[in-house]
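Q: Data file run_37.txt (compact mmCIF, C-alpha atoms) is appended below.
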# COMPACT_ATOMS: atom_id res chain seq x y z
CA MET A 1 102.20 -56.95 165.62
CA ASN A 2 102.14 -59.04 168.78
CA LYS A 3 100.89 -56.61 171.42
CA ASP A 4 101.63 -59.08 174.25
CA ILE A 5 105.34 -59.27 173.51
CA PHE A 6 106.14 -56.84 176.34
CA LYS A 7 103.65 -58.09 178.95
CA ASN A 8 106.42 -59.44 181.24
CA HIS A 9 108.89 -56.64 180.58
CA ILE A 10 110.39 -54.37 183.22
CA ALA A 11 112.11 -51.03 182.69
CA PHE A 12 115.37 -49.69 184.10
CA TYR A 13 116.30 -46.02 183.78
CA HIS A 14 119.53 -44.16 184.48
CA HIS A 15 120.55 -40.57 183.76
CA TYR A 16 124.28 -39.88 183.61
CA GLY A 17 125.60 -36.57 182.29
CA PRO A 18 123.99 -35.84 178.91
CA TYR A 19 122.95 -39.48 178.48
CA GLU A 20 119.66 -41.13 179.38
CA PHE A 21 119.64 -44.93 179.43
CA LEU A 22 116.38 -46.88 179.25
CA ILE A 23 116.48 -50.69 179.26
CA TRP A 24 113.31 -52.61 178.42
CA LYS A 25 113.66 -56.35 179.00
CA SER A 26 111.79 -59.47 180.05
CA LYS A 27 111.69 -60.44 183.72
CA ASP A 28 112.32 -64.04 182.71
CA TYR A 29 114.94 -63.68 179.96
CA GLU A 30 117.89 -61.32 179.83
CA LEU A 31 118.10 -60.89 176.06
CA LYS A 32 114.82 -62.12 174.52
CA ASP A 33 112.88 -59.19 172.99
CA ARG A 34 115.12 -56.76 174.87
CA ILE A 35 115.44 -53.16 173.67
CA ASP A 36 118.08 -50.68 174.84
CA TYR A 37 117.43 -46.98 174.32
CA VAL A 38 120.23 -44.43 174.74
CA PHE A 39 119.41 -40.76 174.29
CA ASN A 40 122.12 -38.10 174.00
CA ARG A 41 120.70 -34.74 175.09
CA MET A 42 123.61 -32.81 173.61
CA THR A 43 123.13 -34.13 170.07
CA SER A 44 119.42 -34.96 170.43
CA THR A 45 120.10 -38.46 169.12
CA LEU A 46 118.30 -41.66 170.09
CA SER A 47 120.12 -44.97 169.60
CA ILE A 48 118.08 -48.18 169.64
CA SER A 49 119.62 -51.64 169.90
CA GLY A 50 118.81 -55.11 171.16
CA ASP A 51 117.08 -58.30 170.13
CA LEU A 52 114.69 -56.52 167.74
CA GLY A 53 117.42 -54.81 165.70
CA SER A 54 118.96 -51.36 165.76
CA ALA A 55 118.23 -47.85 164.60
CA VAL A 56 119.35 -44.26 165.10
CA LEU A 57 117.05 -41.23 165.16
CA SER A 58 118.27 -37.62 165.19
CA TRP A 59 116.63 -34.24 165.73
CA ASN A 60 118.25 -30.97 164.69
CA THR A 61 117.21 -29.29 167.92
CA THR A 62 118.57 -28.83 171.42
CA GLY A 63 116.85 -29.10 174.75
CA ASN A 64 115.10 -32.41 174.05
CA THR A 65 114.86 -35.06 176.74
CA LEU A 66 113.79 -38.67 176.49
CA ASP A 67 110.33 -37.57 177.65
CA ASN A 68 110.07 -35.41 174.53
CA ILE A 69 111.12 -38.32 172.32
CA VAL A 70 108.41 -40.49 173.87
CA ASP A 71 105.87 -37.84 172.86
CA TYR A 72 107.29 -37.77 169.33
CA SER A 73 106.99 -41.56 169.06
CA LYS A 74 103.22 -41.32 169.44
CA SER A 75 103.13 -39.93 165.90
CA LEU A 76 104.33 -43.18 164.39
CA SER A 77 104.85 -42.03 160.80
CA TYR A 78 106.88 -39.02 161.97
CA PHE A 79 108.93 -41.17 164.36
CA VAL A 80 109.68 -43.82 161.73
CA GLY A 81 110.55 -41.13 159.21
CA LYS A 82 113.41 -40.10 161.51
CA MET A 83 114.87 -43.61 161.59
CA GLU A 84 118.13 -44.63 160.00
CA THR A 85 118.36 -48.40 160.19
CA SER A 86 119.82 -51.40 158.44
CA ASP A 87 116.69 -53.30 159.43
CA ASP A 88 113.35 -52.96 157.69
CA LYS A 89 111.32 -50.04 158.98
CA TYR A 90 108.73 -50.61 156.24
CA GLU A 91 106.98 -53.70 154.93
CA TYR A 92 105.20 -54.11 151.61
CA ASP A 93 101.81 -55.77 151.73
CA SER A 94 100.63 -57.41 148.50
CA ASP A 95 96.97 -57.36 149.57
CA ALA A 96 97.20 -53.66 150.38
CA LEU A 97 98.99 -53.06 147.08
CA GLU A 98 96.22 -54.75 145.09
CA LYS A 99 93.54 -52.57 146.69
CA GLU A 100 95.61 -49.40 146.29
CA LEU A 101 96.24 -50.14 142.61
CA SER A 102 92.51 -50.64 142.03
CA ASP A 103 91.86 -47.21 143.54
CA TYR A 104 94.77 -45.62 141.68
CA LEU A 105 93.67 -47.00 138.30
CA GLY A 106 90.01 -46.21 138.95
CA LEU A 107 88.85 -49.79 138.49
CA ASN A 108 85.86 -49.22 140.75
CA ASP A 109 84.84 -45.92 139.17
CA GLU A 110 81.61 -45.80 137.22
CA GLU A 111 82.96 -43.04 135.02
CA GLU A 112 84.44 -44.16 131.70
CA TYR A 113 87.79 -42.73 130.64
CA SER A 114 90.90 -43.69 128.68
CA PRO A 115 92.49 -46.14 128.75
CA SER A 116 89.61 -48.56 128.85
CA LEU A 117 88.64 -50.50 131.96
CA GLU A 118 89.98 -53.69 130.38
CA ASP A 119 93.34 -52.04 129.64
CA ARG A 120 93.55 -50.67 133.16
CA GLN A 121 92.78 -54.10 134.64
CA GLU A 122 95.55 -55.57 132.52
CA MET A 123 97.89 -52.77 133.63
CA LYS A 124 97.12 -53.57 137.26
CA GLN A 125 98.03 -57.22 136.78
CA ASP A 126 101.27 -56.29 135.01
CA LEU A 127 102.20 -53.91 137.84
CA ILE A 128 101.58 -56.58 140.48
CA GLU A 129 103.76 -59.05 138.61
CA CYS A 130 106.70 -56.66 138.33
CA PHE A 131 106.49 -55.38 141.91
CA ASP A 132 109.30 -56.39 144.31
CA GLU A 133 107.84 -56.93 147.80
CA PHE A 134 111.28 -56.76 149.43
CA THR A 135 112.37 -53.40 148.04
CA GLY A 136 108.96 -51.87 147.37
CA GLU A 137 109.99 -51.00 143.81
CA TYR A 138 108.60 -51.74 140.35
CA ASN A 139 110.78 -53.35 137.69
CA LEU A 140 109.04 -51.72 134.74
CA ASP A 141 109.74 -52.51 131.12
CA SER A 142 109.52 -49.71 128.58
CA ASP A 143 106.09 -50.77 127.30
CA LEU A 144 104.50 -50.70 130.78
CA ARG A 145 106.26 -47.43 131.53
CA ASP A 146 104.72 -45.86 128.41
CA LYS A 147 101.26 -47.11 129.36
CA LEU A 148 101.63 -45.61 132.82
CA THR A 149 102.79 -42.30 131.36
CA ASP A 150 99.75 -42.18 129.08
CA PHE A 151 97.51 -42.82 132.08
CA ASP A 152 99.34 -40.55 134.54
CA PRO A 153 102.23 -38.35 133.35
CA ASP A 154 103.43 -38.01 136.98
CA TRP A 155 102.92 -41.67 137.84
CA TRP A 156 106.24 -41.95 139.76
CA GLU A 157 104.91 -39.50 142.34
CA GLY A 158 101.61 -41.22 143.07
CA ILE A 159 101.85 -44.88 142.15
CA PRO A 160 101.06 -46.97 145.27
CA ASP A 161 103.47 -49.49 146.74
CA GLY A 162 101.48 -51.13 149.56
CA ARG A 163 103.98 -49.78 152.06
CA ARG A 164 103.26 -50.22 155.74
CA ILE A 165 105.31 -49.46 158.83
CA SER A 166 107.02 -52.68 159.89
CA ASP A 167 106.14 -54.47 163.11
CA ARG A 168 109.76 -54.02 164.19
CA ALA A 169 109.52 -50.23 163.96
CA LYS A 170 106.14 -50.24 165.71
CA LEU A 171 107.61 -52.28 168.58
CA TRP A 172 110.49 -49.82 168.97
CA ALA A 173 107.97 -47.01 169.42
CA VAL A 174 105.55 -48.97 171.63
CA GLY A 175 108.41 -50.31 173.77
CA LEU A 176 109.71 -46.79 174.35
CA GLN A 177 106.29 -45.56 175.43
CA GLN A 178 105.55 -48.52 177.71
CA ALA A 179 109.00 -48.52 179.32
CA MET A 180 108.89 -44.82 180.14
CA ALA A 181 105.30 -45.12 181.40
CA GLN A 182 106.43 -47.87 183.77
CA ILE A 183 109.30 -45.69 185.03
CA LYS A 184 106.91 -42.77 185.60
CA GLN A 185 104.48 -45.04 187.46
CA HIS A 186 107.30 -46.30 189.66
CA GLU A 187 108.38 -42.73 190.41
CA ASN A 188 104.79 -41.82 191.30
CA ASN A 189 104.53 -44.86 193.59
CA VAL A 190 107.78 -43.91 195.33
CA ARG A 191 106.60 -40.31 195.67
CA THR A 192 103.24 -41.45 197.05
CA PHE A 193 104.98 -43.79 199.51
CA ALA A 194 107.30 -40.99 200.62
CA ASP A 195 104.36 -38.61 201.05
CA THR A 196 102.54 -41.26 203.10
CA GLN A 197 105.59 -41.81 205.28
CA LEU A 198 105.98 -38.07 205.83
CA ALA A 199 102.31 -37.79 206.73
CA ASP A 200 102.66 -40.65 209.22
CA MET A 201 105.76 -39.05 210.74
CA TYR A 202 103.98 -35.70 211.04
CA SER A 203 101.02 -37.40 212.71
CA LEU A 204 103.37 -39.16 215.13
CA ILE A 205 105.13 -35.89 215.93
CA CYS A 206 101.76 -34.24 216.55
CA ASP A 207 100.78 -37.12 218.86
CA LEU A 208 104.07 -36.81 220.72
CA SER A 209 103.55 -33.06 220.97
CA VAL A 210 100.07 -33.57 222.42
CA SER A 211 101.43 -36.17 224.83
CA ALA A 212 104.22 -33.81 225.86
CA ASP A 213 101.75 -30.99 226.43
CA LEU A 214 99.51 -33.31 228.43
CA TYR A 215 102.48 -34.51 230.47
CA LYS A 216 103.53 -30.91 231.05
CA THR A 217 100.02 -29.94 232.17
CA LYS A 218 99.73 -32.89 234.53
CA THR A 219 103.20 -32.22 235.91
CA GLU A 220 102.38 -28.58 236.53
CA LYS A 221 99.18 -29.59 238.32
CA ALA A 222 101.13 -32.04 240.44
CA PHE A 223 103.63 -29.35 241.38
CA GLN A 224 100.75 -27.01 242.22
CA ALA A 225 99.25 -29.68 244.47
CA VAL A 226 102.61 -30.22 246.17
CA ARG A 227 103.02 -26.49 246.69
CA ALA A 228 99.48 -26.26 248.11
CA LEU A 229 100.22 -29.19 250.40
CA ASN A 230 103.42 -27.53 251.59
CA VAL A 231 101.50 -24.33 252.31
CA ALA A 232 98.86 -26.30 254.17
CA ILE A 233 101.48 -28.15 256.20
CA HIS A 234 103.20 -24.87 256.98
CA ASP A 235 99.88 -23.37 258.08
CA VAL A 236 99.17 -26.40 260.28
CA GLY A 237 102.62 -26.06 261.80
CA ASP A 238 102.03 -22.39 262.51
CA ASN A 239 98.63 -23.10 264.03
CA PHE A 240 100.01 -25.93 266.14
CA GLU A 241 102.80 -23.68 267.39
CA ARG A 242 100.26 -20.97 268.22
CA LEU A 243 98.11 -23.51 270.06
CA ASN A 244 101.10 -24.55 272.18
CA GLU A 245 101.73 -20.95 273.05
CA ILE A 246 98.11 -20.50 274.17
CA VAL A 247 98.25 -23.66 276.30
CA GLU A 248 101.46 -22.51 277.93
CA ASP A 249 99.94 -19.12 278.65
CA ASP A 250 96.91 -20.74 280.24
CA GLN A 251 99.10 -22.97 282.36
CA ASN A 252 101.19 -20.06 283.50
CA LYS A 253 98.08 -18.13 284.46
CA GLY A 254 96.83 -21.07 286.51
CA ILE A 255 100.08 -21.27 288.41
CA ASP A 256 99.99 -17.61 289.21
Rewrite the structure of this file - the entire thing - as structure tokens.

A:
Amino acid sequence: MNKDIFKNHIAFYHHYGPYEFLIWKSKDYELKDRIDYVFNRMTSTLSISGDLGSAVLSWNTTGNTLDNIVDYSKSLSYFVGKMETSDDKYEYDSDALEKELSDYLGLNDEEEYSPSLEDRQEMKQDLIECFDEFTGEYNLDSDLRDKLTDFDPDWWEGIPDGRRISDRAKLWAVGLQQAMAQIKQHENNVRTFADTQLADMYSLICDLSVSADLYKTKTEKAFQAVRALNVAIHDVGDNFERLNEIVEDDQNKGID
């Protein structure tokens, strides 16, 4: 799986009624490696479409949101098990199959048991030759089927098939997780920015409040000074008037 496939992707999210829309696309190309996720909260159904194929996943529960589905996708085998898709959600690896068959047939065991090691090695080669890598099924003839039954009566339950989760299915899960993480980060950034702006506004209001209080204090002191000056002027006027009266009295006494 190419882990860098989404390195230039950006996410867009919209919630309308019971539907959550999550678009995960390249900044440079509109359709290349694009994935559209639509989640219906009422039916708890996730629809996946886009350049990497399509799939539908359903949960027989209510109350799920797309956040819950993101958590579910972290258990990849569980998430893929929910998928209904016309595309391949599994791949069949011939190298993995060869190793699994060796373990299944006990080719590396030191213990001797029937059938013989040589017969089991031959059985392994026959199984590899009749295995279909596209369907993950064995096209067994009756002779090989009988040999398997002698070795393991319940062989159809445990015979390996080299099955692996496909890169396509992995990318659907990884894309969902990365897209929602980007949306959450954006929401956190917006929230942090808003908190910062509110803090700055509060600080400004506090500064204005302090300035207003300072202005009020200085204004009150100015009024007090003016009132004191008025009192002083009034006192001077009274004293001056009294002085005139004394002078007039002295003059009148001199005339007499």

Q: Check the smallest atom-to-atom distance from each of A:Gly158, A:Gly53, A:Gly63, A:Gly136 to A:Leu101 using all atoms listed in the file, then report the winner.

A: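 Of A:Gly158, A:Gly53, A:Gly63, A:Gly136, the one nearest A:Leu101 is A:Gly158, counting all atoms listed in the file.
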
Q: For A:Trp172, which of A:Glu187, A:Asp33, A:Glu98, A:Asp141 is the closest residue, counting all atoms listed in the file?

A: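 For A:Trp172, the nearest of the candidates is A:Asp33.
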
Q: For each of A:Met123, A:Ile48, A:Leu22, A:Met42, take the minimum atom-to-atom distance to A:Ala181, counting all atoms listed in the file, then give the residue where this is smallest.

A: A:Leu22

Q: With all atoms listed in the file as the counted atoms, please give the residues lying no more than 12 Å from A:Glu122, apart from itself and same-chain residues fewer than 2 positions off, as a PDB file with C-alpha atoms, keeping the file's coordinate frame.

A:
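result.pdb, written as the output of this step:
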ATOM      1  CA  LEU A 101      96.240 -50.140 142.610  1.00  0.00           C
ATOM      2  CA  SER A 102      92.510 -50.640 142.030  1.00  0.00           C
ATOM      3  CA  LEU A 105      93.670 -47.000 138.300  1.00  0.00           C
ATOM      4  CA  LEU A 107      88.850 -49.790 138.490  1.00  0.00           C
ATOM      5  CA  PRO A 115      92.490 -46.140 128.750  1.00  0.00           C
ATOM      6  CA  SER A 116      89.610 -48.560 128.850  1.00  0.00           C
ATOM      7  CA  LEU A 117      88.640 -50.500 131.960  1.00  0.00           C
ATOM      8  CA  GLU A 118      89.980 -53.690 130.380  1.00  0.00           C
ATOM      9  CA  ASP A 119      93.340 -52.040 129.640  1.00  0.00           C
ATOM     10  CA  ARG A 120      93.550 -50.670 133.160  1.00  0.00           C
ATOM     11  CA  LYS A 124      97.120 -53.570 137.260  1.00  0.00           C
ATOM     12  CA  GLN A 125      98.030 -57.220 136.780  1.00  0.00           C
ATOM     13  CA  ASP A 126     101.270 -56.290 135.010  1.00  0.00           C
ATOM     14  CA  LEU A 127     102.200 -53.910 137.840  1.00  0.00           C
ATOM     15  CA  ILE A 128     101.580 -56.580 140.480  1.00  0.00           C
ATOM     16  CA  GLU A 129     103.760 -59.050 138.610  1.00  0.00           C
ATOM     17  CA  LEU A 144     104.500 -50.700 130.780  1.00  0.00           C
ATOM     18  CA  LYS A 147     101.260 -47.110 129.360  1.00  0.00           C
ATOM     19  CA  LEU A 148     101.630 -45.610 132.820  1.00  0.00           C
TER      20      LEU A 148
END

Q: What's the separation between atom CA of A:Asn60 and atom CA of A:Ser44, in Å to one decimal place?

A: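 Computing it gives 7.1 Å between the two atoms.
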
Q: Restricting the calculation to only C-alpha atoms, which member of A:Glu91, A:Thr135, A:Gln121, A:Gln224 is positioned closest to A:Gly162?

A: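 Checking each of A:Glu91, A:Thr135, A:Gln121, A:Gln224 against A:Gly162, counting only C-alpha atoms, the winner is A:Glu91.
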
Q: Pick out the residues sitting within 12 Å of A:Gly81, and hand them over as a ChimeraX atom specification; count all atoms listed in the file, and ignore anything fewer than 2 positions along from it in its own chain.

A: /A:55-59,72-73,75-79,83-85,89-90,165,169

Q: Which polymer residues have any atom within 12 Å of an atom of A:Asp4, counting all atoms listed in the file, with same-chain residues fewer than 3 positions away left out, as a PyMOL selection string?

A: chain A and resi 1+7-9+26+33+171+174-175+178

Q: At what distance in Å, to one decimal, does atom CA of A:Asp88 lie from atom CA of A:Asp154?

A: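 Separation between atom CA of A:Asp154 and atom CA of A:Asp88: 27.4 Å.
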
Q: Between atom CA of A:Lys99 and atom CA of A:Lys170, what is the spacing in Å?

A: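 Value for the atom CA of A:Lys170-atom CA of A:Lys99 distance: 22.9 Å.
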
Q: Find, counting all atoms listed in the file, the residue in A:Phe134, A:Gly17, A:Asn188, A:Ile159 that gets nearest to A:Asp103.

A: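 Of A:Phe134, A:Gly17, A:Asn188, A:Ile159, the one nearest A:Asp103 is A:Ile159, counting all atoms listed in the file.
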
Q: Here is a test: counting all atoms listed in the file, which residue of A:Arg164, A:Lys82, A:Lys25, A:Lys74 is nearest to A:Ala179?

A: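 The shortest atom-to-atom distance to A:Ala179 comes from A:Lys25.
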
Q: Any idea what's packed within 12 Å of A:Trp156, counting all atoms listed in the file, ignoring anything in its chain fewer than 5 positions away? Could you give it as a tab-separated table (two decimals) with C-alpha atoms, in the coordinates of the input?

A:
chain	number	residue	atom	x	y	z
A	137	GLU	CA	109.99	-51.00	143.81
A	138	TYR	CA	108.60	-51.74	140.35
A	140	LEU	CA	109.04	-51.72	134.74
A	145	ARG	CA	106.26	-47.43	131.53
A	148	LEU	CA	101.63	-45.61	132.82
A	149	THR	CA	102.79	-42.30	131.36
A	151	PHE	CA	97.51	-42.82	132.08
A	161	ASP	CA	103.47	-49.49	146.74
